[in-house]
Each structure stands twice: as structure tokens, then as C-alpha cells.
Amino acid sequence: MEEARIDKWLWAARIFKTRTIAVEAIKNSRVSIGGMNVKPSRMIKAGDEIDVKKPPITYSFRVLKPIEQRVGAKLIPEIYENITAPEQYEMLELSKISGFIDRARGTGRPTKKERRSLDEWMMEE
């Protein structure tokens with residue numbers, strides 16, 4: 001049976017841009033197989049289901065073909081099946097819509113409105 005290292009497969013399947021980023025994600029417990037965290041050297045085979053956390057959502061993939069060499073984007077449907085739940089994509093859309101609305105007041109850079117209020121307050125003194 002064919003097998004491949006999970007770090008190489010994540011890179012070859014174009015889930016991560018570089019293998020280094022894939023290894024970092026695995027070490028930071030963002031990649032799991034069957035709910036269990038894995039090491040970069042873990043061997044995967046066809047049929048394995050891999051969960052990849054890329055905040056704010058968790059993608060799920062079913063391995064169709066374990067590969068270690070990067071392939072063209074057109075061949076990706078032969079490599080894995082995206083089985084991510086629709087609720088995850090809804091969460092992604094909600095986070096895009098909300099943007100900075102949920103930002104706690106006083107944290108991070110001021111918004112344009114807050115900056116103008118600060119400028120007005122400074123000019124009054």
C-alpha cells in the first residue's frame with residue numbers, strides 16, 4: 001500500500017504554501033488525524049481523514065492518493081476530497097463580514113473615527 005509523510009503530503013496537495021509552514025502547523029497541533037495530533041513524520045494512506053485548523057475554521061480532507069511530490073493545481077481533485085462541513089464555511093463568511101466589528105474598544109490601532117475623535121480632543125486642550 002502506498003504511504004506518504006503527512007508534512008510532505010500537506011505541501012504536495014497545496015494545503016500549505018511551503019513544507020516549513022506545514023511542519024509548523026503540525027507542531028502547533030493544528031493538524032490531526034481522527035482527532036489525534038500527529039508528528040510531521042506520520043505516514044498517511046488513502047482513506048485517512050485529516051483535519052487542518054486554519055483559524056477561524058477547520059478544514060477536513062479525505063486522502064485519495066498519498067503523494068510526496070507537488071502536483072499541478074488541476075490534479076488536486078485526484079489527490080484529496082474536501083469534506084469540510086458547510087457550517088465551517090458559514091463561520092468563515094461571518095468572520096469576513098464582521099471584520100473589525102468585534103474588536104474590543106481600546107485594543108489595536110484606532111479606527112478612522114476613533115483617530116478623528118482623538119485629534120479633536122487633542123486640539124481642544
# chains A, B, ... in the order shown; residues from 1 in each chain; ligands from 1
>>> residues_around(residues="stretch 56-70 of chain A", least_positions_apart="5", cutoff="8 Å", atoms="only C-alpha atoms", output="PDB file with all heavy atoms, in the first residue's frame")
ATOM      1  N   GLU A   2       0.485   2.229  -0.760  1.00  0.00           N
ATOM      2  CA  GLU A   2       1.241   3.466  -0.854  1.00  0.00           C
ATOM      3  C   GLU A   2       1.044   4.322   0.393  1.00  0.00           C
ATOM      4  O   GLU A   2      -0.051   4.442   0.900  1.00  0.00           O
ATOM      5  CB  GLU A   2       0.742   4.258  -2.070  1.00  0.00           C
ATOM      6  CG  GLU A   2       1.794   4.431  -3.137  1.00  0.00           C
ATOM      7  CD  GLU A   2       1.265   5.263  -4.274  1.00  0.00           C
ATOM      8  OE1 GLU A   2       1.241   6.487  -4.119  1.00  0.00           O
ATOM      9  OE2 GLU A   2       0.886   4.675  -5.283  1.00  0.00           O
ATOM     10  N   GLU A   3       2.126   4.944   0.855  1.00  0.00           N
ATOM     11  CA  GLU A   3       2.085   5.834   2.003  1.00  0.00           C
ATOM     12  C   GLU A   3       2.925   7.063   1.729  1.00  0.00           C
ATOM     13  O   GLU A   3       3.794   7.049   0.853  1.00  0.00           O
ATOM     14  CB  GLU A   3       2.608   5.132   3.264  1.00  0.00           C
ATOM     15  CG  GLU A   3       1.731   4.016   3.764  1.00  0.00           C
ATOM     16  CD  GLU A   3       2.248   3.441   5.071  1.00  0.00           C
ATOM     17  OE1 GLU A   3       3.476   3.490   5.303  1.00  0.00           O
ATOM     18  OE2 GLU A   3       1.425   2.946   5.851  1.00  0.00           O
ATOM     19  N   ALA A   4       2.666   8.133   2.489  1.00  0.00           N
ATOM     20  CA  ALA A   4       3.437   9.372   2.358  1.00  0.00           C
ATOM     21  C   ALA A   4       3.501  10.049   3.723  1.00  0.00           C
ATOM     22  O   ALA A   4       2.608   9.883   4.554  1.00  0.00           O
ATOM     23  CB  ALA A   4       2.794  10.292   1.336  1.00  0.00           C
ATOM     24  N   ARG A   5       4.555  10.824   3.938  1.00  0.00           N
ATOM     25  CA  ARG A   5       4.659  11.616   5.169  1.00  0.00           C
ATOM     26  C   ARG A   5       3.616  12.721   5.124  1.00  0.00           C
ATOM     27  O   ARG A   5       3.363  13.320   4.085  1.00  0.00           O
ATOM     28  CB  ARG A   5       6.043  12.254   5.273  1.00  0.00           C
ATOM     29  CG  ARG A   5       7.139  11.306   5.666  1.00  0.00           C
ATOM     30  CD  ARG A   5       8.482  12.012   5.637  1.00  0.00           C
ATOM     31  NE  ARG A   5       8.487  13.220   6.448  1.00  0.00           N
ATOM     32  CZ  ARG A   5       9.278  13.423   7.496  1.00  0.00           C
ATOM     33  NH1 ARG A   5      10.121  12.496   7.867  1.00  0.00           N
ATOM     34  NH2 ARG A   5       9.229  14.543   8.169  1.00  0.00           N
ATOM     35  N   LYS A   8       4.890  16.270   3.984  1.00  0.00           N
ATOM     36  CA  LYS A   8       5.109  16.353   2.538  1.00  0.00           C
ATOM     37  C   LYS A   8       3.781  16.349   1.787  1.00  0.00           C
ATOM     38  O   LYS A   8       3.620  17.056   0.798  1.00  0.00           O
ATOM     39  CB  LYS A   8       5.986  15.195   2.057  1.00  0.00           C
ATOM     40  CG  LYS A   8       7.426  15.309   2.497  1.00  0.00           C
ATOM     41  CD  LYS A   8       8.250  14.182   1.928  1.00  0.00           C
ATOM     42  CE  LYS A   8       9.706  14.292   2.354  1.00  0.00           C
ATOM     43  NZ  LYS A   8      10.512  13.222   1.758  1.00  0.00           N
ATOM     44  N   TRP A   9       2.818  15.547   2.271  1.00  0.00           N
ATOM     45  CA  TRP A   9       1.525  15.475   1.597  1.00  0.00           C
ATOM     46  C   TRP A   9       0.785  16.807   1.685  1.00  0.00           C
ATOM     47  O   TRP A   9       0.203  17.257   0.695  1.00  0.00           O
ATOM     48  CB  TRP A   9       0.666  14.355   2.199  1.00  0.00           C
ATOM     49  CG  TRP A   9      -0.622  14.174   1.462  1.00  0.00           C
ATOM     50  CD1 TRP A   9      -0.814  13.437   0.345  1.00  0.00           C
ATOM     51  CD2 TRP A   9      -1.879  14.767   1.777  1.00  0.00           C
ATOM     52  NE1 TRP A   9      -2.130  13.538  -0.061  1.00  0.00           N
ATOM     53  CE2 TRP A   9      -2.805  14.349   0.810  1.00  0.00           C
ATOM     54  CE3 TRP A   9      -2.319  15.620   2.793  1.00  0.00           C
ATOM     55  CZ2 TRP A   9      -4.134  14.742   0.815  1.00  0.00           C
ATOM     56  CZ3 TRP A   9      -3.645  16.013   2.803  1.00  0.00           C
ATOM     57  CH2 TRP A   9      -4.536  15.579   1.829  1.00  0.00           C
ATOM     58  N   TRP A  11       2.010  19.732   1.869  1.00  0.00           N
ATOM     59  CA  TRP A  11       2.652  20.660   0.932  1.00  0.00           C
ATOM     60  C   TRP A  11       2.340  20.263  -0.504  1.00  0.00           C
ATOM     61  O   TRP A  11       1.953  21.101  -1.317  1.00  0.00           O
ATOM     62  CB  TRP A  11       4.165  20.664   1.165  1.00  0.00           C
ATOM     63  CG  TRP A  11       4.930  21.309   0.063  1.00  0.00           C
ATOM     64  CD1 TRP A  11       5.023  22.651  -0.193  1.00  0.00           C
ATOM     65  CD2 TRP A  11       5.683  20.647  -0.955  1.00  0.00           C
ATOM     66  NE1 TRP A  11       5.803  22.857  -1.305  1.00  0.00           N
ATOM     67  CE2 TRP A  11       6.223  21.636  -1.792  1.00  0.00           C
ATOM     68  CE3 TRP A  11       5.969  19.323  -1.234  1.00  0.00           C
ATOM     69  CZ2 TRP A  11       7.018  21.342  -2.882  1.00  0.00           C
ATOM     70  CZ3 TRP A  11       6.763  19.029  -2.317  1.00  0.00           C
ATOM     71  CH2 TRP A  11       7.279  20.033  -3.131  1.00  0.00           C
ATOM     72  N   ALA A  12       2.476  18.975  -0.838  1.00  0.00           N
ATOM     73  CA  ALA A  12       2.258  18.498  -2.207  1.00  0.00           C
ATOM     74  C   ALA A  12       0.813  18.693  -2.648  1.00  0.00           C
ATOM     75  O   ALA A  12       0.544  18.964  -3.820  1.00  0.00           O
ATOM     76  CB  ALA A  12       2.648  17.029  -2.318  1.00  0.00           C
ATOM     77  N   ALA A  13      -0.135  18.593  -1.713  1.00  0.00           N
ATOM     78  CA  ALA A  13      -1.553  18.755  -2.032  1.00  0.00           C
ATOM     79  C   ALA A  13      -1.979  20.221  -2.019  1.00  0.00           C
ATOM     80  O   ALA A  13      -3.158  20.519  -2.156  1.00  0.00           O
ATOM     81  CB  ALA A  13      -2.399  17.958  -1.046  1.00  0.00           C
ATOM     82  N   ARG A  14      -1.013  21.118  -1.831  1.00  0.00           N
ATOM     83  CA  ARG A  14      -1.233  22.563  -1.864  1.00  0.00           C
ATOM     84  C   ARG A  14      -2.150  23.074  -0.758  1.00  0.00           C
ATOM     85  O   ARG A  14      -2.848  24.068  -0.909  1.00  0.00           O
ATOM     86  CB  ARG A  14      -1.763  23.003  -3.235  1.00  0.00           C
ATOM     87  CG  ARG A  14      -0.797  22.714  -4.356  1.00  0.00           C
ATOM     88  CD  ARG A  14      -1.354  23.081  -5.713  1.00  0.00           C
ATOM     89  NE  ARG A  14      -0.333  22.891  -6.728  1.00  0.00           N
ATOM     90  CZ  ARG A  14       0.482  23.845  -7.168  1.00  0.00           C
ATOM     91  NH1 ARG A  14       0.401  25.045  -6.675  1.00  0.00           N
ATOM     92  NH2 ARG A  14       1.372  23.582  -8.091  1.00  0.00           N
ATOM     93  N   ILE A  44       0.725   8.609   6.111  1.00  0.00           N
ATOM     94  CA  ILE A  44      -0.709   8.567   5.824  1.00  0.00           C
ATOM     95  C   ILE A  44      -0.938   7.662   4.621  1.00  0.00           C
ATOM     96  O   ILE A  44      -0.022   7.420   3.828  1.00  0.00           O
ATOM     97  CB  ILE A  44      -1.283   9.970   5.554  1.00  0.00           C
ATOM     98  CG1 ILE A  44      -0.595  10.625   4.364  1.00  0.00           C
ATOM     99  CG2 ILE A  44      -1.200  10.832   6.796  1.00  0.00           C
ATOM    100  CD1 ILE A  44      -1.283  11.860   3.863  1.00  0.00           C
ATOM    101  N   LYS A  45      -2.153   7.188   4.506  1.00  0.00           N
ATOM    102  CA  LYS A  45      -2.502   6.325   3.378  1.00  0.00           C
ATOM    103  C   LYS A  45      -3.861   6.748   2.836  1.00  0.00           C
ATOM    104  O   LYS A  45      -4.554   7.559   3.457  1.00  0.00           O
ATOM    105  CB  LYS A  45      -2.501   4.857   3.805  1.00  0.00           C
ATOM    106  CG  LYS A  45      -3.423   4.526   4.940  1.00  0.00           C
ATOM    107  CD  LYS A  45      -3.215   3.096   5.391  1.00  0.00           C
ATOM    108  CE  LYS A  45      -4.112   2.694   6.523  1.00  0.00           C
ATOM    109  NZ  LYS A  45      -4.145   3.512   7.681  1.00  0.00           N
ATOM    110  N   ALA A  46      -4.253   6.223   1.713  1.00  0.00           N
ATOM    111  CA  ALA A  46      -5.538   6.546   1.107  1.00  0.00           C
ATOM    112  C   ALA A  46      -6.660   6.194   2.077  1.00  0.00           C
ATOM    113  O   ALA A  46      -6.638   5.145   2.719  1.00  0.00           O
ATOM    114  CB  ALA A  46      -5.704   5.788  -0.205  1.00  0.00           C
ATOM    115  N   GLY A  47      -7.620   7.099   2.208  1.00  0.00           N
ATOM    116  CA  GLY A  47      -8.755   6.879   3.097  1.00  0.00           C
ATOM    117  C   GLY A  47      -8.648   7.614   4.419  1.00  0.00           C
ATOM    118  O   GLY A  47      -9.655   7.778   5.114  1.00  0.00           O
ATOM    119  N   ASP A  48      -7.450   8.073   4.794  1.00  0.00           N
ATOM    120  CA  ASP A  48      -7.294   8.821   6.039  1.00  0.00           C
ATOM    121  C   ASP A  48      -8.026  10.149   5.939  1.00  0.00           C
ATOM    122  O   ASP A  48      -8.061  10.779   4.885  1.00  0.00           O
ATOM    123  CB  ASP A  48      -5.815   9.085   6.342  1.00  0.00           C
ATOM    124  CG  ASP A  48      -5.080   7.859   6.843  1.00  0.00           C
ATOM    125  OD1 ASP A  48      -5.749   6.869   7.182  1.00  0.00           O
ATOM    126  OD2 ASP A  48      -3.841   7.904   6.897  1.00  0.00           O
ATOM    127  N   GLU A  49      -8.614  10.584   7.073  1.00  0.00           N
ATOM    128  CA  GLU A  49      -9.277  11.886   7.140  1.00  0.00           C
ATOM    129  C   GLU A  49      -8.436  12.816   7.994  1.00  0.00           C
ATOM    130  O   GLU A  49      -8.138  12.506   9.145  1.00  0.00           O
ATOM    131  CB  GLU A  49     -10.686  11.744   7.701  1.00  0.00           C
ATOM    132  CG  GLU A  49     -11.607  11.018   6.741  1.00  0.00           C
ATOM    133  CD  GLU A  49     -13.047  10.978   7.205  1.00  0.00           C
ATOM    134  OE1 GLU A  49     -13.383  11.646   8.195  1.00  0.00           O
ATOM    135  OE2 GLU A  49     -13.827  10.262   6.570  1.00  0.00           O
ATOM    136  N   ILE A  50      -8.065  13.943   7.400  1.00  0.00           N
ATOM    137  CA  ILE A  50      -7.163  14.895   8.043  1.00  0.00           C
ATOM    138  C   ILE A  50      -7.913  16.186   8.326  1.00  0.00           C
ATOM    139  O   ILE A  50      -8.596  16.715   7.443  1.00  0.00           O
ATOM    140  CB  ILE A  50      -5.944  15.175   7.141  1.00  0.00           C
ATOM    141  CG1 ILE A  50      -5.188  13.871   6.882  1.00  0.00           C
ATOM    142  CG2 ILE A  50      -5.031  16.221   7.750  1.00  0.00           C
ATOM    143  CD1 ILE A  50      -4.095  13.987   5.862  1.00  0.00           C
ATOM    144  N   ASP A  51      -7.789  16.699   9.555  1.00  0.00           N
ATOM    145  CA  ASP A  51      -8.378  17.978   9.933  1.00  0.00           C
ATOM    146  C   ASP A  51      -7.258  19.005  10.046  1.00  0.00           C
ATOM    147  O   ASP A  51      -6.255  18.762  10.724  1.00  0.00           O
ATOM    148  CB  ASP A  51      -9.107  17.872  11.275  1.00  0.00           C
ATOM    149  CG  ASP A  51     -10.311  16.945  11.201  1.00  0.00           C
ATOM    150  OD1 ASP A  51     -10.954  16.899  10.141  1.00  0.00           O
ATOM    151  OD2 ASP A  51     -10.592  16.270  12.212  1.00  0.00           O
ATOM    152  N   GLU A  78      -7.791  14.717  -7.729  1.00  0.00           N
ATOM    153  CA  GLU A  78      -7.367  13.311  -7.686  1.00  0.00           C
ATOM    154  C   GLU A  78      -6.594  12.990  -6.406  1.00  0.00           C
ATOM    155  O   GLU A  78      -6.428  11.824  -6.059  1.00  0.00           O
ATOM    156  CB  GLU A  78      -6.467  12.993  -8.881  1.00  0.00           C
ATOM    157  CG  GLU A  78      -7.127  13.184 -10.231  1.00  0.00           C
ATOM    158  CD  GLU A  78      -6.145  13.066 -11.378  1.00  0.00           C
ATOM    159  OE1 GLU A  78      -5.003  12.605 -11.150  1.00  0.00           O
ATOM    160  OE2 GLU A  78      -6.516  13.451 -12.494  1.00  0.00           O
ATOM    161  N   ILE A  79      -6.125  14.018  -5.706  1.00  0.00           N
ATOM    162  CA  ILE A  79      -5.271  13.851  -4.532  1.00  0.00           C
ATOM    163  C   ILE A  79      -6.083  13.780  -3.242  1.00  0.00           C
ATOM    164  O   ILE A  79      -5.819  12.961  -2.377  1.00  0.00           O
ATOM    165  CB  ILE A  79      -4.240  14.996  -4.437  1.00  0.00           C
ATOM    166  CG1 ILE A  79      -3.454  15.125  -5.734  1.00  0.00           C
ATOM    167  CG2 ILE A  79      -3.334  14.828  -3.238  1.00  0.00           C
ATOM    168  CD1 ILE A  79      -2.721  13.877  -6.149  1.00  0.00           C
ATOM    169  N   TYR A  80      -7.078  14.668  -3.086  1.00  0.00           N
ATOM    170  CA  TYR A  80      -7.901  14.654  -1.879  1.00  0.00           C
ATOM    171  C   TYR A  80      -9.314  15.109  -2.178  1.00  0.00           C
ATOM    172  O   TYR A  80      -9.582  15.733  -3.194  1.00  0.00           O
ATOM    173  CB  TYR A  80      -7.292  15.514  -0.759  1.00  0.00           C
ATOM    174  CG  TYR A  80      -7.234  16.999  -1.036  1.00  0.00           C
ATOM    175  CD1 TYR A  80      -8.352  17.806  -0.860  1.00  0.00           C
ATOM    176  CD2 TYR A  80      -6.053  17.608  -1.420  1.00  0.00           C
ATOM    177  CE1 TYR A  80      -8.287  19.159  -1.093  1.00  0.00           C
ATOM    178  CE2 TYR A  80      -5.970  18.951  -1.656  1.00  0.00           C
ATOM    179  CZ  TYR A  80      -7.106  19.736  -1.481  1.00  0.00           C
ATOM    180  OH  TYR A  80      -7.037  21.085  -1.713  1.00  0.00           O
ATOM    181  N   GLU A  81     -10.209  14.760  -1.246  1.00  0.00           N
ATOM    182  CA  GLU A  81     -11.603  15.176  -1.317  1.00  0.00           C
ATOM    183  C   GLU A  81     -11.850  16.105  -0.135  1.00  0.00           C
ATOM    184  O   GLU A  81     -11.535  15.774   1.008  1.00  0.00           O
ATOM    185  CB  GLU A  81     -12.509  13.947  -1.222  1.00  0.00           C
ATOM    186  CG  GLU A  81     -13.973  14.259  -1.255  1.00  0.00           C
ATOM    187  CD  GLU A  81     -14.825  13.013  -1.034  1.00  0.00           C
ATOM    188  OE1 GLU A  81     -14.277  11.899  -0.949  1.00  0.00           O
ATOM    189  OE2 GLU A  81     -16.046  13.179  -0.928  1.00  0.00           O
ATOM    190  N   ASN A  82     -12.391  17.282  -0.417  1.00  0.00           N
ATOM    191  CA  ASN A  82     -12.680  18.248   0.640  1.00  0.00           C
ATOM    192  C   ASN A  82     -14.008  17.860   1.285  1.00  0.00           C
ATOM    193  O   ASN A  82     -15.054  17.930   0.642  1.00  0.00           O
ATOM    194  CB  ASN A  82     -12.743  19.658   0.056  1.00  0.00           C
ATOM    195  CG  ASN A  82     -12.820  20.714   1.122  1.00  0.00           C
ATOM    196  OD1 ASN A  82     -13.099  20.440   2.278  1.00  0.00           O
ATOM    197  ND2 ASN A  82     -12.576  21.949   0.724  1.00  0.00           N
ATOM    198  N   ILE A  83     -13.974  17.449   2.546  1.00  0.00           N
ATOM    199  CA  ILE A  83     -15.195  17.044   3.246  1.00  0.00           C
ATOM    200  C   ILE A  83     -15.502  17.992   4.404  1.00  0.00           C
ATOM    201  O   ILE A  83     -16.148  17.618   5.379  1.00  0.00           O
ATOM    202  CB  ILE A  83     -15.081  15.586   3.758  1.00  0.00           C
ATOM    203  CG1 ILE A  83     -13.850  15.408   4.636  1.00  0.00           C
ATOM    204  CG2 ILE A  83     -15.089  14.607   2.611  1.00  0.00           C
ATOM    205  CD1 ILE A  83     -13.774  14.062   5.331  1.00  0.00           C
ATOM    206  N   THR A  84     -15.092  19.248   4.262  1.00  0.00           N
ATOM    207  CA  THR A  84     -15.329  20.254   5.290  1.00  0.00           C
ATOM    208  C   THR A  84     -16.825  20.491   5.429  1.00  0.00           C
ATOM    209  O   THR A  84     -17.534  20.629   4.437  1.00  0.00           O
ATOM    210  CB  THR A  84     -14.617  21.572   4.923  1.00  0.00           C
ATOM    211  OG1 THR A  84     -13.236  21.293   4.697  1.00  0.00           O
ATOM    212  CG2 THR A  84     -14.753  22.593   6.034  1.00  0.00           C
ATOM    213  N   ALA A  85     -17.298  20.571   6.670  1.00  0.00           N
ATOM    214  CA  ALA A  85     -18.721  20.788   6.943  1.00  0.00           C
ATOM    215  C   ALA A  85     -19.146  22.180   6.476  1.00  0.00           C
ATOM    216  O   ALA A  85     -18.380  23.144   6.602  1.00  0.00           O
ATOM    217  CB  ALA A  85     -18.985  20.638   8.432  1.00  0.00           C
ATOM    218  N   GLN A  88     -18.682  25.251   8.739  1.00  0.00           N
ATOM    219  CA  GLN A  88     -17.359  25.874   8.814  1.00  0.00           C
ATOM    220  C   GLN A  88     -17.251  27.022   7.822  1.00  0.00           C
ATOM    221  O   GLN A  88     -16.700  28.077   8.131  1.00  0.00           O
ATOM    222  CB  GLN A  88     -16.264  24.835   8.557  1.00  0.00           C
ATOM    223  CG  GLN A  88     -16.179  23.754   9.606  1.00  0.00           C
ATOM    224  CD  GLN A  88     -15.693  24.285  10.945  1.00  0.00           C
ATOM    225  OE1 GLN A  88     -14.864  25.187  11.025  1.00  0.00           O
ATOM    226  NE2 GLN A  88     -16.226  23.729  12.011  1.00  0.00           N
ATOM    227  N   TYR A  89     -17.782  26.824   6.615  1.00  0.00           N
ATOM    228  CA  TYR A  89     -17.740  27.883   5.608  1.00  0.00           C
ATOM    229  C   TYR A  89     -18.643  29.051   5.999  1.00  0.00           C
ATOM    230  O   TYR A  89     -18.340  30.201   5.704  1.00  0.00           O
ATOM    231  CB  TYR A  89     -18.122  27.331   4.229  1.00  0.00           C
ATOM    232  CG  TYR A  89     -17.044  26.453   3.642  1.00  0.00           C
ATOM    233  CD1 TYR A  89     -17.248  25.094   3.469  1.00  0.00           C
ATOM    234  CD2 TYR A  89     -15.806  26.973   3.285  1.00  0.00           C
ATOM    235  CE1 TYR A  89     -16.263  24.278   2.942  1.00  0.00           C
ATOM    236  CE2 TYR A  89     -14.811  26.170   2.766  1.00  0.00           C
ATOM    237  CZ  TYR A  89     -15.050  24.832   2.594  1.00  0.00           C
ATOM    238  OH  TYR A  89     -14.054  24.033   2.084  1.00  0.00           O
ATOM    239  N   MET A  91     -19.090  29.999   9.090  1.00  0.00           N
ATOM    240  CA  MET A  91     -18.284  30.728  10.070  1.00  0.00           C
ATOM    241  C   MET A  91     -17.270  31.629   9.373  1.00  0.00           C
ATOM    242  O   MET A  91     -17.013  32.753   9.808  1.00  0.00           O
ATOM    243  CB  MET A  91     -17.552  29.754  10.994  1.00  0.00           C
ATOM    244  CG  MET A  91     -18.434  29.128  12.028  1.00  0.00           C
ATOM    245  SD  MET A  91     -17.630  27.900  13.065  1.00  0.00           S
ATOM    246  CE  MET A  91     -16.063  28.633  13.465  1.00  0.00           C
ATOM    247  N   LEU A  92     -16.686  31.141   8.284  1.00  0.00           N
ATOM    248  CA  LEU A  92     -15.717  31.928   7.534  1.00  0.00           C
ATOM    249  C   LEU A  92     -16.371  33.175   6.960  1.00  0.00           C
ATOM    250  O   LEU A  92     -15.821  34.271   7.055  1.00  0.00           O
ATOM    251  CB  LEU A  92     -15.103  31.075   6.416  1.00  0.00           C
ATOM    252  CG  LEU A  92     -14.053  31.740   5.539  1.00  0.00           C
ATOM    253  CD1 LEU A  92     -12.838  32.123   6.370  1.00  0.00           C
ATOM    254  CD2 LEU A  92     -13.648  30.813   4.411  1.00  0.00           C
ATOM    255  N   SER A  95     -17.066  35.694   9.709  1.00  0.00           N
ATOM    256  CA  SER A  95     -15.867  36.401  10.165  1.00  0.00           C
ATOM    257  C   SER A  95     -15.434  37.455   9.144  1.00  0.00           C
ATOM    258  O   SER A  95     -14.926  38.507   9.512  1.00  0.00           O
ATOM    259  CB  SER A  95     -14.734  35.428  10.445  1.00  0.00           C
ATOM    260  OG  SER A  95     -14.275  34.849   9.253  1.00  0.00           O
TER     261      SER A  95
END
>>> select_by_dssp(residues="chain A", states="alpha helix (DSSP H)", output="ChimeraX atom specification")
/A:6-12,19-27,76-79,86-98,112-124
>>> closest_residue(among="A:Ser117, A:Thr18, A:Ser41, A:Ser29", to="A:Lys54", atoms="only C-alpha atoms")
A:Ser29
>>> atom_distance(atom1="atom CA of A:Ala22", atom2="atom CA of A:Pro40")
8.3 Å
>>> atom_distance(atom1="atom CA of A:Pro55", atom2="atom CA of A:Glu114")
27.6 Å
>>> select_by_dssp(residues="stretch 5-91 of chain A", states="strand (DSSP E or B)", output="list of chain:residue names")
A:Arg5, A:Val31, A:Ser32, A:Ile33, A:Met36, A:Asn37, A:Met43, A:Ile44, A:Glu49, A:Ile50, A:Asp51, A:Val52, A:Lys53, A:Lys54, A:Ile57, A:Thr58, A:Tyr59, A:Ser60, A:Phe61, A:Arg62, A:Val63, A:Tyr80, A:Glu81, A:Asn82
>>> atom_distance(atom1="atom CA of A:Leu75", atom2="atom CA of A:Lys17")
16.2 Å
>>> decode(residues="stretch 75-88 of chain A", atoms="N, CA, C and O atoms", output="CSV table (one decimal), in the first residue's frame")
chain,number,residue,atom,x,y,z
A,75,LEU,N,-4.7,18.9,-10.9
A,75,LEU,CA,-4.7,17.5,-10.5
A,75,LEU,C,-5.1,17.3,-9.0
A,75,LEU,O,-5.3,16.2,-8.5
A,76,ILE,N,-5.4,18.4,-8.3
A,76,ILE,CA,-5.8,18.3,-6.9
A,76,ILE,C,-7.0,17.4,-6.6
A,76,ILE,O,-7.0,16.7,-5.6
A,77,PRO,N,-8.1,17.5,-7.4
A,77,PRO,CA,-9.2,16.6,-7.2
A,77,PRO,C,-8.9,15.1,-7.1
A,77,PRO,O,-9.6,14.3,-6.5
A,78,GLU,N,-7.8,14.7,-7.7
A,78,GLU,CA,-7.4,13.3,-7.7
A,78,GLU,C,-6.6,13.0,-6.4
A,78,GLU,O,-6.4,11.8,-6.1
A,79,ILE,N,-6.1,14.0,-5.7
A,79,ILE,CA,-5.3,13.9,-4.5
A,79,ILE,C,-6.1,13.8,-3.2
A,79,ILE,O,-5.8,13.0,-2.4
A,80,TYR,N,-7.1,14.7,-3.1
A,80,TYR,CA,-7.9,14.7,-1.9
A,80,TYR,C,-9.3,15.1,-2.2
A,80,TYR,O,-9.6,15.7,-3.2
A,81,GLU,N,-10.2,14.8,-1.2
A,81,GLU,CA,-11.6,15.2,-1.3
A,81,GLU,C,-11.9,16.1,-0.1
A,81,GLU,O,-11.5,15.8,1.0
A,82,ASN,N,-12.4,17.3,-0.4
A,82,ASN,CA,-12.7,18.2,0.6
A,82,ASN,C,-14.0,17.9,1.3
A,82,ASN,O,-15.1,17.9,0.6
A,83,ILE,N,-14.0,17.4,2.5
A,83,ILE,CA,-15.2,17.0,3.2
A,83,ILE,C,-15.5,18.0,4.4
A,83,ILE,O,-16.1,17.6,5.4
A,84,THR,N,-15.1,19.2,4.3
A,84,THR,CA,-15.3,20.3,5.3
A,84,THR,C,-16.8,20.5,5.4
A,84,THR,O,-17.5,20.6,4.4
A,85,ALA,N,-17.3,20.6,6.7
A,85,ALA,CA,-18.7,20.8,6.9
A,85,ALA,C,-19.1,22.2,6.5
A,85,ALA,O,-18.4,23.1,6.6
A,86,PRO,N,-20.4,22.3,5.9
A,86,PRO,CA,-20.9,23.6,5.5
A,86,PRO,C,-20.9,24.7,6.6
A,86,PRO,O,-20.7,25.9,6.3
A,87,GLU,N,-21.1,24.2,7.8
A,87,GLU,CA,-21.1,25.2,9.0
A,87,GLU,C,-19.8,25.9,9.1
A,87,GLU,O,-19.7,27.1,9.5
A,88,GLN,N,-18.7,25.3,8.7
A,88,GLN,CA,-17.4,25.9,8.8
A,88,GLN,C,-17.3,27.0,7.8
A,88,GLN,O,-16.7,28.1,8.1
